[in-house]
Structures are given as C-alpha cells and as structure tokens.
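Below is target-v1.cif, which holds mmCIF, C-alpha atoms and all ligand atoms.
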```cif
data_entry
loop_
_atom_site.label_atom_id
_atom_site.label_comp_id
_atom_site.auth_asym_id
_atom_site.auth_seq_id
_atom_site.Cartn_x
_atom_site.Cartn_y
_atom_site.Cartn_z
CA MET A 1 10.76 -5.85 12.54
CA LEU A 2 9.33 -4.11 9.51
CA ALA A 3 6.17 -5.23 7.68
CA VAL A 4 5.79 -5.05 3.91
CA ILE A 5 2.49 -5.29 2.04
CA GLY A 6 3.01 -6.20 -1.60
CA GLY A 7 0.51 -5.24 -4.27
CA SER A 8 0.05 -6.03 -7.96
CA GLY A 9 3.25 -7.43 -9.44
CA PHE A 10 4.82 -7.80 -6.01
CA SER A 11 3.56 -10.94 -4.34
CA ARG A 12 6.96 -12.09 -3.05
CA LEU A 13 10.00 -10.44 -1.55
CA THR A 14 12.94 -12.00 -3.35
CA ASN A 15 16.08 -11.84 -1.18
CA LEU A 16 13.90 -12.62 1.80
CA ALA A 17 15.36 -15.65 3.57
CA VAL A 18 12.05 -17.21 4.53
CA GLU A 19 11.93 -18.66 8.02
CA GLN A 20 8.27 -19.30 8.53
CA ARG A 21 4.88 -18.97 6.88
CA ARG A 22 1.99 -18.51 9.26
CA ARG A 23 -1.72 -18.51 8.77
CA VAL A 24 -3.11 -15.93 11.18
CA ARG A 25 -6.70 -15.61 12.28
CA THR A 26 -8.08 -12.30 13.45
CA PRO A 27 -11.38 -11.16 14.97
CA TYR A 28 -12.12 -9.87 11.44
CA GLY A 29 -11.39 -13.09 9.58
CA GLU A 30 -8.36 -14.24 7.65
CA PRO A 31 -5.88 -11.95 5.93
CA SER A 32 -5.31 -12.12 2.16
CA SER A 33 -2.50 -14.64 2.50
CA GLU A 34 -0.33 -16.37 5.04
CA LEU A 35 2.22 -14.07 6.62
CA THR A 36 5.77 -14.76 5.50
CA PHE A 37 8.42 -14.19 8.16
CA GLY A 38 12.06 -14.01 7.26
CA ARG A 39 15.20 -11.93 7.18
CA ILE A 40 16.88 -9.62 4.77
CA GLY A 41 20.46 -9.61 5.99
CA ARG A 42 20.08 -9.78 9.76
CA GLN A 43 16.85 -7.82 9.92
CA ALA A 44 13.46 -9.41 10.46
CA VAL A 45 10.66 -8.77 7.97
CA VAL A 46 7.07 -9.91 7.73
CA PHE A 47 5.49 -9.88 4.28
CA LEU A 48 1.84 -10.01 3.21
CA ALA A 49 0.54 -10.28 -0.37
CA ARG A 50 -2.41 -7.87 -0.44
CA HIS A 51 -4.26 -9.61 -3.28
CA GLY A 52 -3.46 -13.12 -2.06
CA ASP A 53 -0.64 -15.40 -3.17
CA ALA A 54 -2.19 -16.06 -6.55
CA HIS A 55 -3.44 -12.48 -6.98
CA THR A 56 -7.07 -13.50 -6.84
CA ILE A 57 -8.59 -10.92 -4.47
CA PRO A 58 -9.80 -7.71 -6.13
CA PRO A 59 -9.29 -4.36 -4.34
CA HIS A 60 -12.88 -3.99 -3.11
CA GLN A 61 -12.92 -7.51 -1.65
CA ILE A 62 -9.66 -7.36 0.27
CA ASN A 63 -10.15 -7.90 3.99
CA TYR A 64 -8.17 -4.80 4.96
CA ARG A 65 -9.09 -5.09 8.62
CA ALA A 66 -7.80 -8.65 8.85
CA ASN A 67 -4.63 -7.73 6.94
CA ILE A 68 -3.67 -4.82 9.16
CA TRP A 69 -4.74 -6.55 12.36
CA ALA A 70 -2.68 -9.64 11.50
CA LEU A 71 0.45 -7.56 10.87
CA ALA A 72 -0.11 -5.37 13.93
CA GLU A 73 -0.22 -8.45 16.15
CA PHE A 74 3.50 -8.85 15.56
CA ALA A 75 4.17 -5.24 16.58
CA PRO A 76 6.14 -4.16 13.50
CA LYS A 77 7.97 -0.84 13.72
CA GLY A 78 6.20 0.15 10.55
CA ILE A 79 4.28 -1.02 7.52
CA VAL A 80 5.61 -0.23 4.05
CA ALA A 81 2.81 -0.60 1.51
CA VAL A 82 3.66 -1.09 -2.16
CA ALA A 83 0.91 -0.28 -4.64
CA ALA A 84 0.49 0.35 -8.36
CA VAL A 85 -1.30 3.55 -9.36
CA GLY A 86 -2.37 5.51 -12.38
CA GLY A 87 -0.55 8.80 -12.90
CA ILE A 88 -2.65 11.96 -13.01
CA ARG A 89 0.02 14.63 -12.54
CA ALA A 90 1.69 15.12 -15.92
CA ASP A 91 5.23 14.56 -14.69
CA LEU A 92 4.38 11.16 -13.20
CA GLN A 93 5.10 8.71 -16.01
CA PRO A 94 4.82 4.91 -16.18
CA GLY A 95 7.65 3.34 -14.23
CA ASP A 96 8.13 6.32 -11.91
CA LEU A 97 8.05 5.77 -8.15
CA VAL A 98 6.62 8.18 -5.60
CA VAL A 99 6.03 8.30 -1.84
CA PRO A 100 2.57 9.85 -1.41
CA HIS A 101 1.96 12.35 1.39
CA GLN A 102 -1.81 12.82 1.29
CA ILE A 103 -4.98 10.86 0.55
CA ILE A 104 -8.45 11.59 -0.77
CA ASP A 105 -10.80 8.67 -0.17
CA TYR A 106 -13.46 7.99 -2.81
CA THR A 107 -14.08 4.38 -1.80
CA SER A 108 -17.48 3.24 -0.56
CA GLY A 109 -18.92 0.28 1.26
CA ARG A 110 -15.62 -1.00 2.63
CA GLU A 111 -15.11 -2.02 6.25
CA ALA A 112 -12.99 0.97 7.14
CA THR A 113 -12.70 1.09 10.92
CA TYR A 114 -12.09 -1.03 14.01
CA HIS A 115 -13.99 1.48 16.07
CA GLN A 116 -17.57 0.42 15.71
CA LEU A 117 -20.19 -1.54 17.54
CA PRO A 118 -20.55 -4.19 18.78
CA ASP A 119 -16.89 -4.69 19.79
CA GLY A 120 -15.25 -1.34 19.19
CA VAL A 121 -15.53 1.89 21.10
CA PRO A 122 -16.08 5.17 19.26
CA ARG A 123 -12.78 6.88 18.55
CA HIS A 124 -11.99 9.54 15.97
CA VAL A 125 -8.36 9.13 15.03
CA ASP A 126 -6.40 12.12 13.83
CA PHE A 127 -5.66 11.62 10.13
CA THR A 128 -4.43 15.08 9.17
CA GLU A 129 -1.19 13.53 7.96
CA PRO A 130 -2.25 10.07 6.80
CA TYR A 131 1.28 8.72 6.31
CA ASP A 132 3.98 8.45 8.95
CA GLN A 133 6.53 11.14 8.15
CA PRO A 134 9.62 9.44 9.69
CA LEU A 135 8.89 6.25 7.74
CA ARG A 136 8.34 8.26 4.55
CA GLN A 137 11.71 9.89 5.10
CA ARG A 138 13.39 6.56 5.62
CA LEU A 139 12.05 5.37 2.28
CA LEU A 140 13.29 8.52 0.57
CA ASP A 141 16.72 8.26 2.21
CA ALA A 142 17.01 4.59 1.29
CA ALA A 143 16.24 5.40 -2.34
CA VAL A 144 19.00 8.01 -2.41
CA ALA A 145 21.40 5.51 -0.85
CA VAL A 146 20.73 2.87 -3.54
CA GLY A 147 20.49 5.37 -6.41
CA VAL A 148 16.80 4.87 -7.19
CA ALA A 149 14.69 7.87 -8.23
CA LEU A 150 11.79 8.13 -5.76
CA GLY A 151 9.53 11.18 -5.79
CA ASP A 152 8.66 12.94 -2.53
CA GLY A 153 4.96 13.70 -2.23
CA ALA A 154 1.77 12.99 -4.13
CA VAL A 155 -1.91 13.20 -3.30
CA TYR A 156 -3.30 9.68 -3.59
CA ALA A 157 -6.92 9.28 -4.69
CA ALA A 158 -8.39 5.97 -3.55
CA THR A 159 -11.15 4.76 -5.88
CA GLN A 160 -13.50 1.86 -5.37
CA GLY A 161 -12.70 -0.21 -8.47
CA PRO A 162 -12.43 -2.83 -9.64
CA ARG A 163 -13.07 -0.98 -12.87
CA LEU A 164 -10.71 1.73 -13.93
CA GLU A 165 -11.94 5.33 -13.99
CA THR A 166 -13.58 7.31 -16.78
CA ALA A 167 -11.66 10.21 -18.29
CA ALA A 168 -14.16 12.63 -16.72
CA GLU A 169 -13.64 11.04 -13.31
CA ILE A 170 -9.91 11.57 -13.66
CA ASP A 171 -10.57 15.22 -14.65
CA ARG A 172 -12.53 15.55 -11.43
CA LEU A 173 -9.85 13.90 -9.31
CA GLN A 174 -7.32 16.26 -10.84
CA ARG A 175 -9.51 19.27 -9.99
CA ASP A 176 -9.71 17.90 -6.46
CA GLY A 177 -5.92 17.98 -6.31
CA ALA A 178 -5.11 14.29 -6.78
CA ASP A 179 -1.76 13.31 -8.36
CA VAL A 180 -2.14 9.54 -8.50
CA VAL A 181 -5.08 7.13 -8.41
CA GLY A 182 -5.26 3.62 -6.99
CA MET A 183 -7.76 1.24 -5.45
CA THR A 184 -6.13 -0.11 -2.31
CA GLY A 185 -4.68 2.80 -0.34
CA MET A 186 -7.84 3.11 1.73
CA PRO A 187 -8.88 1.91 4.21
CA GLU A 188 -5.42 0.33 4.59
CA ALA A 189 -3.78 3.56 5.75
CA VAL A 190 -6.42 4.53 8.28
CA LEU A 191 -6.62 1.06 9.79
CA ALA A 192 -2.88 1.17 10.46
CA ARG A 193 -3.38 4.57 12.10
CA GLU A 194 -6.18 3.19 14.25
CA LEU A 195 -3.80 0.53 15.53
CA ASP A 196 -0.96 3.06 15.93
CA VAL A 197 1.33 1.34 13.45
CA PRO A 198 3.45 3.78 11.38
CA TYR A 199 2.46 3.37 7.73
CA ALA A 200 3.95 4.72 4.51
CA ALA A 201 3.62 3.77 0.86
CA ILE A 202 5.62 3.45 -2.32
CA ASN A 203 3.45 3.98 -5.39
CA ILE A 204 4.52 2.71 -8.79
CA ILE A 205 3.04 4.63 -11.70
CA ALA A 206 1.77 1.75 -13.85
CA ASN A 207 -0.05 3.78 -16.49
CA PRO A 208 -1.19 7.30 -17.25
CA ALA A 209 -4.67 7.58 -15.68
CA ALA A 210 -7.71 7.33 -17.95
CA GLY A 211 -7.77 9.94 -20.69
CA ARG A 212 -4.14 10.93 -20.06
CA GLY A 213 -1.12 10.34 -22.31
CA GLY A 214 -0.87 6.82 -23.63
CA SER A 215 -4.17 5.98 -21.92
CA ALA A 216 -6.11 8.50 -24.01
CA GLN A 217 -8.08 5.72 -25.74
CA ALA A 218 -7.88 2.82 -23.30
CA ILE A 219 -5.73 1.33 -20.56
CA SER A 220 -4.00 -1.94 -21.43
CA MET A 221 -3.47 -4.38 -18.56
CA ALA A 222 -0.64 -5.99 -20.53
CA ALA A 223 1.19 -2.67 -20.68
CA ILE A 224 0.64 -2.19 -16.93
CA GLU A 225 2.13 -5.59 -16.17
CA ALA A 226 5.23 -4.89 -18.24
CA VAL A 227 5.82 -1.60 -16.43
CA LEU A 228 5.37 -3.21 -13.03
CA ALA A 229 7.79 -6.05 -13.73
CA ASP A 230 10.53 -3.55 -14.49
CA ALA A 231 9.76 -1.14 -11.65
CA MET A 232 9.64 -3.86 -9.00
CA GLN A 233 13.41 -4.35 -9.16
CA ARG A 234 13.83 -0.75 -8.03
CA VAL A 235 11.15 -1.05 -5.36
CA ARG A 236 12.89 -4.14 -4.00
CA ALA A 237 16.21 -2.32 -3.82
CA VAL A 238 14.63 0.48 -1.79
CA ILE A 239 12.85 -1.92 0.55
CA GLU A 240 15.93 -4.01 1.13
CA ARG A 241 17.84 -0.89 2.05
CA VAL A 242 15.12 0.33 4.42
CA VAL A 243 14.94 -3.04 6.10
CA SER A 244 18.67 -3.33 6.53
CA SER A 245 18.84 0.17 8.04
CA ASN A 246 16.14 -0.81 10.56
CA ASP A 247 17.31 -0.90 14.16
N1 LIG B 301 -6.64 3.67 -11.68
C1 LIG B 301 -6.85 3.05 -10.50
N2 LIG B 301 -6.03 2.15 -9.99
C2 LIG B 301 -4.93 1.84 -10.69
C3 LIG B 301 -4.65 2.43 -11.93
C4 LIG B 301 -5.54 3.40 -12.46
O1 LIG B 301 -5.36 3.97 -13.55
N3 LIG B 301 -3.48 1.89 -12.37
C5 LIG B 301 -3.07 1.00 -11.42
N4 LIG B 301 -3.95 0.97 -10.40
#
```

Do you think you could lay out the structure here as structure tokens?
Amino acid sequence: MLAVIGGSGFSRLTNLAVEQRRRVRTPYGEPSSELTFGRIGRQAVVFLARHGDAHTIPPHQINYRANIWALAEFAPKGIVAVAAVGGIRADLQPGDLVVPHQIIDYTSGREATYHQLPDGVPRHVDFTEPYDQPLRQRLLDAAVAVGVALGDGAVYAATQGPRLETAAEIDRLQRDGADVVGMTGMPEAVLARELDVPYAAINIIANPAAGRGGSAQAISMAAIEAVLADAMQRVRAVIERVVSSND
C-alpha cells in the first residue's frame, strides 16, 4: 500500500474507489483528517488531507507527528507528499512540477521529532538525503510513462508561515541555494525518516516566490488557486501511475 498526503488544492484523490474512512488516534493526538482507504485499480492507497478536509489547518498548526504516525501504523511502502511551493529558481514557473531532492529547514517551534523525553529515546537519524531515492525515481518514471513533465531535483526551503516571505528573505533563500519555498515540507519529511517510511514529494510551483516574476509587487492567492486547479490533473495522473505500478 502507498500513502498519499494531499496539500493545498488536493484534498481528495479522484479515481480513488473509497472503501473506508477511519479516524485514527495516535500518542500525539489526531491527524489532520480521517484517513481514506481505497483502491486505484487493484492497488491499495491511503490518503490524508494535510490541511484537513475543509482546508482549515494552517501549515504551522498541522499536527505533523500525528499525521505521519497515523499513516505509518498501516505500514505503507512509501509516502508521496504533494505540496504547493513558490518558485525561486528562474526556470521554475507557475504550473511546473518538480521532485525535490534536498531540504533546508527554516521552520521554528514545530514538534519535529518523536525522539524526545518523556516517551522517546535519543536518536539522531541520518538525514543526508532527506528524500527516498527509489521512491523519487518511481515518481519520475511514472511521469515519463504518462507524458507529464516532472523536474528532477530542487532544494526545498521550508519556511514557518503562515505569511508569505519578503523579497529580501527570498533573496537570502536563493543565496542559500534554495530553488523552491513552501511551508509544510518540514518536519513532515524527517518524521517519516524517523519512522523508517520512505518519503518523497511532488512540488507544484504555484507562484513565483516573493519579489520574483509576476510576484514582484504582491502574491495573489486567487492566482495561486487557479494554477493549482490546473496542475492537480497532472499530479493525479502521476500518482495514479505510481500507485498502479506498486507491487
Ligand atoms: N512561499 C511559501 N509557501 C508557498 C508559496 C510561497 O511563495 N507558494 C505556495 N506555498
């Protein structure tokens, strides 16, 4: 079984033949939404809406530990995380899709580990390669198979939000080597690593990051939503292919 976490503009997996919705409790509280179990073709999938079913939970208030724990309880072969981002690298334009390969974490104050007192034991997970390479490759191969353009590699900067960044902050992220910026990639990725669940992401460029291109003056949420609605069809095609090629 594969797990999918849907982000902004992606709160349902159409084509998922839903078999069961389950509310799951974890030692860390409740996940953002019920888990939806179903099948695409013959393959089992579990889906979680990161911001809740009605998209009410902002990035800094998501219970990432409960979300990842809840999915991990069903021992998925991997978690595919879908998330909207701002594009920093000039060639990443609204509507483009990319599979990031690295992360820089600028978030603060989030519950970002299972390994702490009183219940956890100290453990320093290796995070040199934050995304699972075989799962990344499966996403890239699936995109080729369904004829969807999906970029290979981007450095993902995780910001705290919920506000968008200043132009100077984006200049700094660019100097740091970031290609895209989003608010939910961390601690999601590291929590999956702590539980040994392979994790990879598809990022949808929703807007040029602050101070870039069409966002030189301001970022319009309406424009972001329009881009996401269109891009989600392509994301769905890739995910359906990955799921159906799952053994
Ligand atoms: N910044 C941070 N997160 C985002 C953006 C952005 O420009 N666009 C979509 N998510």

Expected selection as a PyMOL selection string for ligand LIG 301 (chain B) within 10 Å, only C-alpha atoms and all ligand atoms: chain A and resi 7-8+59+83-88+94+157-166+170+180-185+203-212+215+219-221+224-225+228

Nearest candidate to A:His124 (options A:Ala17, A:Leu191, A:Ala237, A:Val4; using only C-alpha atoms):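 So, comparing all the options, the nearest one is A:Leu191.
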
Residue neighbourhood A:His101, 8 Å, only C-alpha atoms, exclusion window fewer than 4 positions, as number ranges by chain: A: 129-131, 152-156

Nearest candidate to A:Leu35 (options A:Ala54, A:Ala70, A:Ala216, A:Ala178; using all atoms listed in the file):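 Among the listed residues, A:Ala70 lies closest to A:Leu35.
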
If we count all atoms listed in the file and set the cut-off at 10 Å, which residues sit around A:Gly38, ignoring sequence neighbours fewer than 6 positions away in its own chain? Please answer as a PDB file with C-alpha atoms, in the frame of the given file.
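Listing of result.pdb after writing:
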```pdb
ATOM      1  CA  MET A   1      10.760  -5.850  12.540  1.00  0.00           C
ATOM      2  CA  LEU A  13      10.000 -10.440  -1.550  1.00  0.00           C
ATOM      3  CA  ASN A  15      16.080 -11.840  -1.180  1.00  0.00           C
ATOM      4  CA  LEU A  16      13.900 -12.620   1.800  1.00  0.00           C
ATOM      5  CA  ALA A  17      15.360 -15.650   3.570  1.00  0.00           C
ATOM      6  CA  VAL A  18      12.050 -17.210   4.530  1.00  0.00           C
ATOM      7  CA  GLU A  19      11.930 -18.660   8.020  1.00  0.00           C
ATOM      8  CA  GLN A  20       8.270 -19.300   8.530  1.00  0.00           C
ATOM      9  CA  ARG A  21       4.880 -18.970   6.880  1.00  0.00           C
ATOM     10  CA  ALA A  44      13.460  -9.410  10.460  1.00  0.00           C
ATOM     11  CA  VAL A  45      10.660  -8.770   7.970  1.00  0.00           C
ATOM     12  CA  VAL A  46       7.070  -9.910   7.730  1.00  0.00           C
ATOM     13  CA  PHE A  47       5.490  -9.880   4.280  1.00  0.00           C
TER      14      PHE A  47
END
```

Å distance separating atom CA of A:Gly52 from atom CA of A:Arg234, one decimal place: 22.1 Å

Residue nearest A:Ala218 among A:Ala167, A:Pro122, A:Asp176, A:Arg241 (counting only C-alpha atoms): A:Ala167

For A:Met232, the nearest of the candidates A:Ala72, A:Val82, A:Ile5, A:Tyr28, counting only C-alpha atoms: A:Val82

One-decimal distance in Å that lies between atom CA of A:Val197 and atom CA of A:Pro76: 7.3 Å

Among listed residues A:Ala200, A:Val190, A:Ala168, A:Val98, nearest A:Lys77 (using only C-alpha atoms):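 Ranked by minimum distance to A:Lys77, first place goes to A:Ala200.
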
Interatomic distance (Å, one decimal) between atom CA of A:Gln137 and atom CA of A:Val242: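 For atom CA of A:Gln137 relative to atom CA of A:Val242, the distance reads 10.2 Å.
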
Sel. within 12 Å of pt (-4.5, 0.1, 14.5), counting all atoms listed in the file, output as a PyMOL selection string: chain A and resi 64-73+75-76+78-79+112-115+120+123+125+187-199
